[in-house]
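Structure below is coords-v1.cif: mmCIF, C-alpha atoms.
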data_entry
#
loop_
_atom_site.label_atom_id
_atom_site.label_comp_id
_atom_site.auth_asym_id
_atom_site.auth_seq_id
_atom_site.Cartn_x
_atom_site.Cartn_y
_atom_site.Cartn_z
CA MET A 1 108.95 -42.23 187.63
CA SER A 2 111.26 -42.48 184.61
CA SER A 3 114.99 -42.34 185.12
CA SER A 4 117.22 -39.86 183.27
CA ALA A 5 118.63 -42.77 181.23
CA ASP A 6 115.15 -43.59 179.94
CA VAL A 7 114.65 -39.97 178.93
CA VAL A 8 117.90 -39.98 176.95
CA GLU A 9 117.35 -43.37 175.35
CA ALA A 10 113.79 -42.74 174.18
CA PRO A 11 114.63 -40.08 171.58
CA ALA A 12 117.52 -42.22 170.31
CA ALA A 13 115.18 -45.16 169.86
CA VAL A 14 112.68 -42.96 168.06
CA GLN A 15 115.40 -41.62 165.76
CA GLU A 16 116.64 -45.14 165.00
CA SER A 17 113.12 -46.31 164.24
CA SER A 18 112.58 -43.27 162.03
CA ALA A 19 115.82 -43.97 160.14
CA ARG A 20 114.76 -47.54 159.45
CA PHE A 21 111.35 -46.37 158.29
CA ARG A 22 112.85 -43.83 155.90
CA MET A 23 115.24 -46.45 154.50
CA ALA A 24 112.42 -48.95 154.01
CA GLU A 25 110.27 -46.32 152.30
CA ALA A 26 113.12 -45.36 149.94
CA LEU A 27 113.72 -48.97 148.97
CA ARG A 28 110.05 -49.49 148.16
CA HIS A 29 110.29 -47.17 145.17
CA PRO A 30 111.07 -49.36 142.13
CA ALA A 31 113.46 -46.84 140.54
CA ALA A 32 115.53 -46.49 143.71
CA LEU A 33 115.42 -50.20 144.45
CA TRP A 34 116.66 -51.36 141.06
CA THR A 35 119.24 -48.62 140.68
CA ALA A 36 120.79 -49.23 144.08
CA PRO A 37 122.77 -52.44 143.33
CA ALA A 38 124.65 -50.82 140.44
CA LEU A 39 125.26 -47.58 142.34
CA ILE A 40 126.52 -49.38 145.44
CA TYR A 41 128.81 -51.59 143.38
CA LEU A 42 130.24 -48.67 141.40
CA ILE A 43 130.77 -46.47 144.48
CA VAL A 44 132.58 -49.18 146.43
CA ARG A 45 134.79 -50.07 143.50
CA GLN A 46 135.52 -46.39 142.83
CA VAL A 47 136.80 -46.04 146.39
CA GLY A 48 139.13 -48.95 145.70
CA LEU A 49 140.43 -47.39 142.51
CA PHE A 50 140.95 -44.04 144.22
CA VAL A 51 143.04 -45.62 146.97
CA LEU A 52 144.97 -47.60 144.37
CA GLN A 53 145.85 -44.36 142.56
CA LEU A 54 147.13 -42.84 145.80
CA VAL A 55 149.26 -45.89 146.60
CA VAL A 56 150.67 -46.06 143.07
CA GLU A 57 151.68 -42.39 143.19
CA TYR A 58 153.31 -42.87 146.59
CA GLN A 59 155.21 -45.94 145.39
CA ASN A 60 156.42 -44.02 142.35
CA LYS A 61 157.89 -41.35 144.62
CA LEU A 62 159.67 -43.98 146.69
CA THR A 63 161.02 -46.06 143.82
CA GLY A 64 161.31 -43.57 140.98
CA LYS A 65 159.02 -45.65 138.78
CA THR A 66 156.40 -44.21 136.45
CA ASP A 67 153.71 -46.85 136.86
CA THR A 68 150.04 -45.95 136.48
CA SER A 69 146.90 -47.51 137.92
CA VAL A 70 146.11 -48.94 134.49
CA ASP A 71 149.53 -50.63 134.37
CA ASN A 72 148.75 -52.36 137.65
CA LEU A 73 145.18 -53.26 136.74
CA ARG A 74 146.24 -55.00 133.52
CA SER A 75 149.29 -56.79 134.96
CA TRP A 76 150.05 -60.49 135.56
CA ASP A 77 147.31 -62.73 134.12
CA GLY A 78 145.74 -59.66 132.54
CA ASP A 79 148.50 -59.66 129.93
CA TRP A 80 147.60 -63.21 128.98
CA PHE A 81 143.91 -62.41 128.57
CA LEU A 82 144.70 -59.32 126.51
CA GLY A 83 147.09 -61.30 124.32
CA ILE A 84 144.55 -64.06 123.68
CA ALA A 85 141.85 -61.47 122.95
CA SER A 86 144.13 -59.73 120.44
CA GLY A 87 145.66 -62.66 118.59
CA GLY A 88 143.97 -65.85 119.71
CA TYR A 89 145.80 -68.75 121.34
CA ASN A 90 148.33 -68.87 118.53
CA GLY A 91 149.07 -65.14 118.50
CA VAL A 92 149.87 -64.19 122.09
CA PRO A 93 153.01 -61.99 122.08
CA SER A 94 156.03 -62.59 124.32
CA PRO A 95 156.05 -61.68 127.15
CA PRO A 96 154.07 -62.84 129.16
CA TYR A 97 155.60 -66.07 130.40
CA ASP A 98 154.56 -68.76 132.85
CA ALA A 99 155.51 -68.83 136.54
CA PHE A 100 158.94 -70.23 135.71
CA GLY A 101 159.76 -67.67 133.04
CA ARG A 102 159.16 -70.14 130.24
CA ARG A 103 156.85 -70.20 127.25
CA THR A 104 155.66 -72.91 124.84
CA ALA A 105 152.90 -73.04 122.23
CA GLU A 106 150.69 -74.74 124.83
CA THR A 107 151.18 -72.24 127.65
CA PRO A 108 148.28 -69.90 126.67
CA LEU A 109 145.88 -72.85 126.88
CA ALA A 110 145.94 -72.51 130.67
CA PHE A 111 143.58 -69.51 130.28
CA PHE A 112 139.93 -70.14 129.48
CA PRO A 113 138.42 -68.47 126.38
CA GLY A 114 135.20 -66.91 127.67
CA TYR A 115 136.57 -63.61 128.96
CA PRO A 116 138.95 -63.01 125.99
CA ALA A 117 136.09 -63.76 123.58
CA LEU A 118 133.93 -61.07 125.19
CA ILE A 119 136.85 -58.64 125.02
CA ARG A 120 137.27 -59.38 121.33
CA TRP A 121 133.59 -58.71 120.63
CA VAL A 122 133.70 -55.37 122.43
CA ASP A 123 137.03 -54.54 120.79
CA GLY A 124 135.26 -54.78 117.46
CA LEU A 125 133.20 -51.67 118.25
CA PRO A 126 134.35 -48.40 116.63
CA GLY A 127 136.92 -46.44 118.63
CA VAL A 128 137.51 -49.19 121.23
CA ASP A 129 140.96 -50.71 121.82
CA VAL A 130 141.60 -54.07 123.43
CA VAL A 131 142.55 -52.65 126.86
CA GLY A 132 139.48 -50.45 127.00
CA ALA A 133 137.35 -53.39 125.90
CA ALA A 134 138.76 -55.55 128.69
CA PHE A 135 137.98 -52.95 131.34
CA ALA A 136 134.50 -52.49 129.87
CA VAL A 137 133.78 -56.22 130.01
CA SER A 138 134.96 -56.39 133.64
CA LEU A 139 132.86 -53.35 134.57
CA ILE A 140 129.68 -54.56 132.88
CA SER A 141 130.20 -58.07 134.26
CA GLY A 142 130.54 -56.65 137.76
CA ILE A 143 127.28 -54.73 137.44
CA PHE A 144 125.44 -57.79 136.15
CA CYS A 145 126.90 -59.75 139.05
CA ALA A 146 125.70 -57.10 141.51
CA TYR A 147 122.12 -57.53 140.29
CA GLY A 148 122.42 -61.30 140.53
CA LEU A 149 123.65 -61.03 144.11
CA PHE A 150 120.86 -58.59 144.94
CA VAL A 151 118.22 -61.01 143.66
CA LEU A 152 119.92 -63.87 145.50
CA GLY A 153 119.85 -61.89 148.76
CA ARG A 154 116.11 -61.32 148.29
CA VAL A 155 115.02 -64.87 147.47
CA VAL A 156 116.96 -66.95 149.97
CA ARG A 157 115.45 -67.96 153.29
CA ASP A 158 115.03 -64.83 155.50
CA GLY A 159 116.12 -62.71 152.54
CA SER A 160 115.05 -59.12 151.89
CA ASN A 161 115.84 -56.10 149.74
CA ARG A 162 118.09 -54.83 152.48
CA ALA A 163 119.96 -58.12 152.71
CA GLY A 164 120.45 -58.11 148.96
CA LEU A 165 121.99 -54.64 148.96
CA ILE A 166 124.25 -55.50 151.88
CA PHE A 167 125.31 -58.66 150.04
CA VAL A 168 126.29 -56.57 147.01
CA THR A 169 128.32 -54.27 149.25
CA LEU A 170 130.14 -57.11 150.99
CA PHE A 171 131.00 -58.64 147.62
CA ALA A 172 132.31 -55.36 146.16
CA ALA A 173 134.25 -54.74 149.39
CA SER A 174 135.78 -58.22 149.71
CA PRO A 175 139.51 -58.19 150.52
CA MET A 176 140.54 -59.09 146.95
CA ALA A 177 137.72 -57.21 145.19
CA VAL A 178 140.34 -55.20 143.30
CA VAL A 179 140.33 -58.10 140.83
CA LEU A 180 136.86 -56.98 139.75
CA SER A 181 138.43 -53.84 138.30
CA MET A 182 141.29 -55.65 136.57
CA THR A 183 141.61 -57.26 133.16
CA TYR A 184 140.94 -60.57 134.91
CA SER A 185 138.10 -63.04 134.42
CA GLU A 186 136.73 -63.06 137.99
CA ALA A 187 134.02 -60.45 137.41
CA THR A 188 132.67 -62.29 134.37
CA PHE A 189 132.77 -65.65 136.10
CA CYS A 190 131.04 -64.35 139.24
CA ALA A 191 128.31 -62.77 137.11
CA PHE A 192 127.48 -66.10 135.46
CA ALA A 193 127.81 -67.95 138.79
CA ALA A 194 125.49 -65.53 140.61
CA TRP A 195 122.73 -65.87 138.02
CA ALA A 196 123.18 -69.64 137.85
CA LEU A 197 122.59 -69.81 141.59
CA VAL A 198 119.60 -67.48 141.26
CA GLY A 199 118.23 -70.02 138.79
CA VAL A 200 118.79 -72.83 141.28
CA VAL A 201 117.13 -71.09 144.22
CA LYS A 202 114.19 -69.94 142.09
CA ARG A 203 114.04 -73.34 140.32
CA ARG A 204 114.58 -71.81 136.90
CA TRP A 205 116.67 -74.66 135.62
CA ILE A 206 117.27 -73.42 132.09
CA LEU A 207 118.73 -70.18 133.48
CA ALA A 208 120.85 -72.15 135.94
CA GLY A 209 122.15 -74.56 133.30
CA VAL A 210 122.95 -71.97 130.64
CA CYS A 211 124.73 -69.62 133.06
CA CYS A 212 126.67 -72.54 134.53
CA ALA A 213 127.76 -73.65 131.05
CA ALA A 214 128.86 -70.08 130.28
CA ALA A 215 130.81 -69.94 133.54
CA GLY A 216 132.59 -73.14 132.46
CA LEU A 217 134.06 -71.25 129.52
CA VAL A 218 135.47 -68.57 131.82
CA ARG A 219 137.22 -70.27 134.75
CA PRO A 220 137.95 -73.80 135.98
CA THR A 221 136.24 -72.79 139.24
CA ALA A 222 133.05 -73.66 137.36
CA ALA A 223 133.61 -77.23 138.55
CA ALA A 224 132.22 -76.18 141.96
CA LEU A 225 129.25 -74.51 140.28
CA ILE A 226 128.56 -77.59 138.16
CA VAL A 227 128.42 -79.75 141.29
CA ALA A 228 125.98 -77.36 142.98
CA VAL A 229 123.72 -76.94 139.95
CA GLY A 230 123.93 -80.60 138.98
CA LEU A 231 123.03 -81.89 142.44
CA ALA A 232 120.17 -79.42 142.79
CA ALA A 233 118.80 -80.43 139.37
CA LEU A 234 119.14 -84.10 140.31
CA VAL A 235 117.14 -83.57 143.50
CA ALA A 236 114.47 -81.78 141.45
CA VAL A 237 114.32 -84.65 138.96
CA LEU A 238 114.02 -87.25 141.72
CA ALA A 239 111.14 -85.27 143.18
CA ASP A 240 109.41 -84.92 139.80
CA LYS A 241 110.72 -87.02 136.93
CA LYS A 242 108.51 -85.09 134.51
CA ASP A 243 110.31 -81.82 135.25
CA TRP A 244 112.01 -81.58 131.85
CA ARG A 245 113.52 -78.18 132.67
CA ALA A 246 115.53 -79.73 135.51
CA TRP A 247 116.71 -82.47 133.12
CA VAL A 248 117.82 -79.89 130.56
CA GLY A 249 119.42 -77.55 133.11
CA GLY A 250 121.41 -80.36 134.69
CA ALA A 251 122.54 -81.69 131.31
CA VAL A 252 123.59 -78.30 129.95
CA ALA A 253 125.46 -77.16 133.08
CA PRO A 254 128.80 -78.98 132.48
CA LEU A 255 129.03 -78.43 128.72
CA GLY A 256 131.16 -75.27 128.83
CA LEU A 257 133.86 -76.66 131.11
CA LEU A 258 133.90 -80.10 129.48
CA GLY A 259 133.93 -78.51 126.03
CA TYR A 260 137.03 -76.44 126.69
CA LEU A 261 138.88 -79.22 128.51
CA GLY A 262 138.04 -81.52 125.60
CA TRP A 263 139.32 -79.00 123.06
CA VAL A 264 142.61 -78.66 124.96
CA ALA A 265 142.86 -82.45 125.16
CA VAL A 266 142.54 -82.73 121.38
CA ARG A 267 145.00 -79.93 120.78
CA THR A 268 147.65 -81.33 123.14
CA GLY A 269 147.01 -84.98 122.33
CA ASP A 270 146.58 -85.67 126.04
CA LEU A 271 143.27 -86.44 127.78
CA MET A 272 144.50 -84.47 130.80
CA GLY A 273 146.04 -81.77 128.61
CA TRP A 274 144.80 -78.69 130.47
CA PHE A 275 145.93 -80.06 133.82
CA GLY A 276 149.34 -80.81 132.34
CA VAL A 277 149.67 -77.25 131.04
CA GLN A 278 148.82 -75.92 134.50
CA GLN A 279 151.31 -78.15 136.24
CA ARG A 280 154.16 -77.50 133.81
CA GLY A 281 153.60 -73.75 133.69
CA TRP A 282 152.51 -72.90 137.21
CA GLY A 283 153.27 -76.02 139.24
CA SER A 284 149.57 -76.28 140.00
CA LYS A 285 147.93 -79.58 140.83
CA PHE A 286 145.52 -80.97 143.43
CA ASP A 287 147.47 -82.31 146.41
CA GLY A 288 144.67 -82.49 148.97
CA GLY A 289 145.82 -79.36 150.79
CA ALA A 290 149.31 -80.48 151.81
CA ALA A 291 151.05 -77.44 150.29
CA THR A 292 148.47 -75.03 151.71
CA TRP A 293 148.83 -76.52 155.18
CA GLU A 294 152.62 -76.19 155.04
CA PHE A 295 152.27 -72.63 153.76
CA ALA A 296 149.85 -71.72 156.57
CA LEU A 297 151.98 -73.21 159.34
CA GLY A 298 155.11 -71.57 157.97
CA HIS A 299 153.63 -68.09 157.86
CA LEU A 300 151.74 -68.27 161.13
CA GLY A 301 154.83 -69.59 162.92
CA ASN A 302 157.22 -67.15 161.26
CA PRO A 303 155.38 -64.28 159.50
CA ARG A 304 157.47 -63.04 156.59
CA SER A 305 155.09 -60.80 154.69
CA LEU A 306 151.87 -58.93 155.37
CA LEU A 307 150.05 -60.24 152.31
CA GLU A 308 150.90 -63.89 152.82
CA THR A 309 150.03 -63.81 156.52
CA GLY A 310 146.80 -62.02 155.63
CA THR A 311 146.08 -64.71 153.05
CA VAL A 312 146.33 -67.42 155.71
CA TRP A 313 143.87 -65.60 157.94
CA LEU A 314 141.46 -65.08 155.05
CA LEU A 315 141.50 -68.82 154.34
CA ALA A 316 140.83 -69.51 158.01
CA LEU A 317 137.96 -67.01 157.98
CA ALA A 318 136.46 -68.75 154.94
CA ILE A 319 136.43 -72.05 156.85
CA VAL A 320 134.66 -70.35 159.76
CA LEU A 321 132.09 -68.88 157.34
CA VAL A 322 131.31 -72.38 156.07
CA PHE A 323 130.26 -73.47 159.54
CA TYR A 324 128.31 -70.25 159.97
CA ALA A 325 126.48 -70.91 156.69
CA PHE A 326 125.38 -74.30 158.04
CA GLN A 327 124.31 -72.72 161.31
CA ARG A 328 122.24 -70.11 159.49
CA ARG A 329 120.64 -72.86 157.36
CA LEU A 330 121.67 -71.27 154.09
CA GLU A 331 120.22 -73.11 151.08
CA TRP A 332 122.36 -76.18 150.56
CA PRO A 333 123.27 -75.59 146.87
CA LEU A 334 124.77 -72.24 147.87
CA VAL A 335 126.81 -73.93 150.60
CA VAL A 336 127.90 -76.68 148.21
CA TYR A 337 129.13 -74.08 145.74
CA GLY A 338 131.03 -72.08 148.39
CA VAL A 339 132.59 -75.21 149.88
CA GLY A 340 133.52 -76.42 146.40
CA VAL A 341 135.42 -73.21 145.61
CA LEU A 342 137.13 -73.37 149.00
CA VAL A 343 138.16 -77.01 148.52
CA MET A 344 139.59 -76.24 145.08
CA ASP A 345 141.57 -73.36 146.56
CA LEU A 346 142.83 -75.14 149.67
CA GLY A 347 143.45 -78.43 147.91
CA SER A 348 145.77 -77.16 145.16
CA ASN A 349 149.41 -76.19 145.45
CA GLY A 350 150.72 -73.87 142.75
CA LEU A 351 151.14 -70.18 143.56
CA MET A 352 150.34 -69.62 147.23
CA ASN A 353 150.31 -65.87 146.66
CA SER A 354 147.13 -66.30 144.61
CA LYS A 355 145.14 -68.10 147.30
CA ALA A 356 143.18 -65.03 148.42
CA ARG A 357 142.24 -64.18 144.84
CA LEU A 358 141.24 -67.75 144.00
CA LEU A 359 138.98 -67.73 147.06
CA PHE A 360 137.12 -64.66 145.79
CA PRO A 361 134.43 -66.52 143.77
CA ALA A 362 133.19 -68.21 146.99
CA PHE A 363 130.90 -65.20 147.47
CA THR A 364 127.99 -67.28 148.81
CA LEU A 365 129.86 -67.60 152.10
CA LEU A 366 129.23 -63.87 152.62
CA LEU A 367 125.45 -64.24 152.35
CA PRO A 368 124.81 -65.31 155.99
CA LEU A 369 126.68 -62.17 157.11
CA ALA A 370 124.42 -60.07 154.90
CA LEU A 371 121.32 -61.69 156.39
CA VAL A 372 122.51 -60.94 159.91
CA LEU A 373 123.51 -57.36 159.13
CA ALA A 374 120.12 -56.76 157.52
CA ARG A 375 118.58 -57.00 160.98
CA ARG A 376 120.97 -54.56 162.60
CA ARG A 377 120.63 -50.81 163.04
CA PRO A 378 121.47 -48.68 159.98
CA SER A 379 124.30 -46.96 161.86
CA THR A 380 125.87 -50.33 162.69
CA VAL A 381 125.49 -51.56 159.12
CA LEU A 382 126.98 -48.42 157.59
CA THR A 383 129.93 -48.49 160.00
CA ILE A 384 130.77 -52.13 159.26
CA LEU A 385 130.36 -51.77 155.51
CA GLY A 386 132.38 -48.55 155.49
CA MET A 387 135.24 -50.24 157.33
CA ALA A 388 135.08 -53.22 154.96
CA THR A 389 135.23 -50.88 151.96
CA LEU A 390 138.31 -49.07 153.25
CA PHE A 391 140.07 -52.30 154.18
CA SER A 392 139.33 -53.78 150.76
CA ALA A 393 140.64 -50.65 149.05
CA TRP A 394 143.89 -50.74 151.03
CA PHE A 395 144.39 -54.51 150.72
CA GLY A 396 143.82 -54.47 146.97
CA ALA A 397 146.10 -51.46 146.44
CA TYR A 398 148.84 -53.07 148.53
CA SER A 399 148.50 -56.35 146.62
CA LEU A 400 148.93 -54.64 143.26
CA ALA A 401 151.21 -51.67 143.83
CA VAL A 402 153.41 -52.83 146.72
CA TRP A 403 153.47 -56.63 146.75
CA GLN A 404 156.03 -57.82 144.22
CA TYR A 405 154.51 -61.20 143.34
CA ALA A 406 151.45 -62.29 141.38
CA ILE A 407 148.03 -62.17 142.95
#
Write-out of the structure in structure tokens:
Amino acid sequence: MSSSADVVEAPAAVQESSARFRMAEALRHPAALWTAPALIYLIVRQVGLFVLQLVVEYQNKLTGKTDTSVDNLRSWDGDWFLGIASGGYNGVPSPPYDAFGRRTAETPLAFFPGYPALIRWVDGLPGVDVVGAAFAVSLISGIFCAYGLFVLGRVVRDGSNRAGLIFVTLFAASPMAVVLSMTYSEATFCAFAAWALVGVVKRRWILAGVCCAAAGLVRPTAAALIVAVGLAALVAVLADKKDWRAWVGGAVAPLGLLGYLGWVAVRTGDLMGWFGVQQRGWGSKFDGGAATWEFALGHLGNPRSLLETGTVWLLALAIVLVFYAFQRRLEWPLVVYGVGVLVMDLGSNGLMNSKARLLFPAFTLLLPLALVLARRRPSTVLTILGMATLFSAWFGAYSLAVWQYAI
């Protein structure tokens, strides 16, 4: 004889099974499947922008300022990118200045040319100004990135359509995902990085190499991507020395980063010119993590601000996700890339307030979470992703509209 609990649980199980079936059926339709990544990305980011607008208006009432969401979204490094897009490296207006309030002819060289170049191309269209072009490039880059992440979530071990869509959501709802909606280069870099890694996993070496080279013109974080793509191509070549595509992909991958660093070296007359500009302007250099460790201990032992303490915990979470990626047997090039970004972030000193943002491109560390969530009930998945979206919206709005230092 069945118990009353069994009677209650049976319909719930049937409903849950029915919900999964309906979701699977919906995702089988090509139009719905290939529209979903863009829609999910845009919806999540729109929630973030809506919360930012609310926070900006509240801050204006408290402080008497007249800031707008656009003012916040184009602030800090955004001014540098807009200046380079408008006038080139020789025509950036003053301000902005470096972290010490100084400015030399070499200071703009700290910013890579890929994102400003795309802004300038879009700015050349009729009726488009430089600010609108910058937001357009970030938006389009984010959508392209979403599709790359979706494909990546499908083709990895244990991947699926569902995992790909969850991966897109986790990326768009990362704590510092507000940077995707700013006049910053992260969205463009992540788009190239995502498709480079798709090329690696699917063994399309020309795609991997070209996208990696393009990423090298956008951010120095491409060094981690070059290591991942280069090692994967090397393994492919060792397995089959006649695989000319792997040879080409591996050879092309570092050209963007090396090309820009070489150009800065010629312009400054110093082989390490770009690194010198970074150190003089932002105090940034690789110290093996000493400054980050001191920063973490100081803020955990004596919390002084919400954002900085949150940054420490986000860095700790990233380390935990590395071990989880190994446990889940995530494809090793994806782990290499994520670890590379994390090492570059933890190992440099410079502006500690930017640590959470600089960690953002390590999106592959979110993939094991997506694979796990893909096997959970739809109600559980929607609850977790909804909470992540709201937290991301608040954290990003606080970082821009409330926190007084650079992100």
Distance query Val264 in chain A at most 12 Å, all atoms listed in the file, self and fewer than 5 positions along chain excluded, as a list of chain:residue names: A:Tyr89, A:Glu106, A:Thr107, A:Pro108, A:Leu109, A:Ala110, A:Phe111, A:Phe112, A:Pro113, A:Leu257, A:Leu258, A:Gly259, A:Gly269, A:Asp270, A:Leu271, A:Met272, A:Gly273, A:Trp274, A:Phe275, A:Gly276, A:Val277, A:Gln278
Best match for closeness to Ala146 in chain A among A:Lys202, A:Arg329, A:Arg45, A:Arg219, counting only C-alpha atoms: A:Arg45
Residue members of the PyMOL selection byres ((chain A and resi 348) around 9) in the file shown, as a list in words: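 For this structure, the PyMOL selection byres ((chain A and resi 348) around 9) captures Ser284, Lys285, Phe286, Asp287, Gly288, Gly289, Ala290, Ala291, Thr292, Val343, Met344, Asp345, Leu346, Gly347, Asn349, Gly350 and Leu351 of chain A.
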Which residue of A:Val335, A:Leu371, A:Val235, A:Ala134 approaches Tyr184 in chain A most closely, using only C-alpha atoms: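 Going through A:Val335, A:Leu371, A:Val235, A:Ala134 one by one, the smallest distance to Tyr184 in chain A is for A:Ala134.
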Kindly resolve the PyMOL selection byres ((chain A and resi 394) around 9) on the present coordinates and return the residues as a PDB file with C-alpha atoms, in the coordinates of the input.
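Once everything was written out, this is out25.pdb:
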ATOM      1  CA  GLY A  48     139.130 -48.950 145.700  1.00  0.00           C
ATOM      2  CA  VAL A  51     143.040 -45.620 146.970  1.00  0.00           C
ATOM      3  CA  LEU A  52     144.970 -47.600 144.370  1.00  0.00           C
ATOM      4  CA  VAL A  55     149.260 -45.890 146.600  1.00  0.00           C
ATOM      5  CA  PRO A 175     139.510 -58.190 150.520  1.00  0.00           C
ATOM      6  CA  THR A 389     135.230 -50.880 151.960  1.00  0.00           C
ATOM      7  CA  LEU A 390     138.310 -49.070 153.250  1.00  0.00           C
ATOM      8  CA  PHE A 391     140.070 -52.300 154.180  1.00  0.00           C
ATOM      9  CA  SER A 392     139.330 -53.780 150.760  1.00  0.00           C
ATOM     10  CA  ALA A 393     140.640 -50.650 149.050  1.00  0.00           C
ATOM     11  CA  PHE A 395     144.390 -54.510 150.720  1.00  0.00           C
ATOM     12  CA  GLY A 396     143.820 -54.470 146.970  1.00  0.00           C
ATOM     13  CA  ALA A 397     146.100 -51.460 146.440  1.00  0.00           C
ATOM     14  CA  TYR A 398     148.840 -53.070 148.530  1.00  0.00           C
ATOM     15  CA  SER A 399     148.500 -56.350 146.620  1.00  0.00           C
TER      16      SER A 399
END
Report as a Markdown table: every residue of range 56-162 of chain A with an atom at most 7 Å from range 192-195 of chain A, its closest pair of atoms, and their distance in Å to one decimal, counting all atoms listed in the file, with rows sorted by chain and ascending residue number.
| residue | atom | partner | partner_atom | distance |
| --- | --- | --- | --- | --- |
| A:Cys145 | CA | A:Ala194 | CA | 6.2 |
| A:Gly148 | CA | A:Trp195 | CA | 5.2 |
| A:Leu149 | CA | A:Ala194 | CA | 6.0 |
Answer key for the PyMOL selection byres ((chain A and resi 211-214) around 10), residues as a ChimeraX atom specification: /A:114,188-189,191-199,205-210,215-219,222-226,228-230,249-259
Separation of CA of Val336 in chain A from CA of Val322 in chain A in Å: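 Going from CA of Val322 in chain A over to CA of Val336 in chain A, I get 9.6 Å.
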Distance criterion (all atoms listed in the file): nearest to Trp80 in chain A out of A:Val155, A:Leu358, A:Leu33, A:Val131: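 Under the stated criterion, the closest residue is A:Val131.
For the pair CA of Gln327 in chain A and CA of Asp240 in chain A, the separation is 28.9 Å.
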A:Thr104, A:Ile319, A:Leu234, A:Phe363 ranked by distance to Tyr337 in chain A, top pick (using only C-alpha atoms):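 That would be A:Phe363, the residue with the smallest distance to Tyr337 in chain A.
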From A:Ala99, A:Val320, A:Ala32, A:Ala136, residue lying nearest Tyr405 in chain A [all atoms listed in the file]: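 Comparing A:Ala99, A:Val320, A:Ala32, A:Ala136 against Tyr405 in chain A, the winner is A:Ala99.
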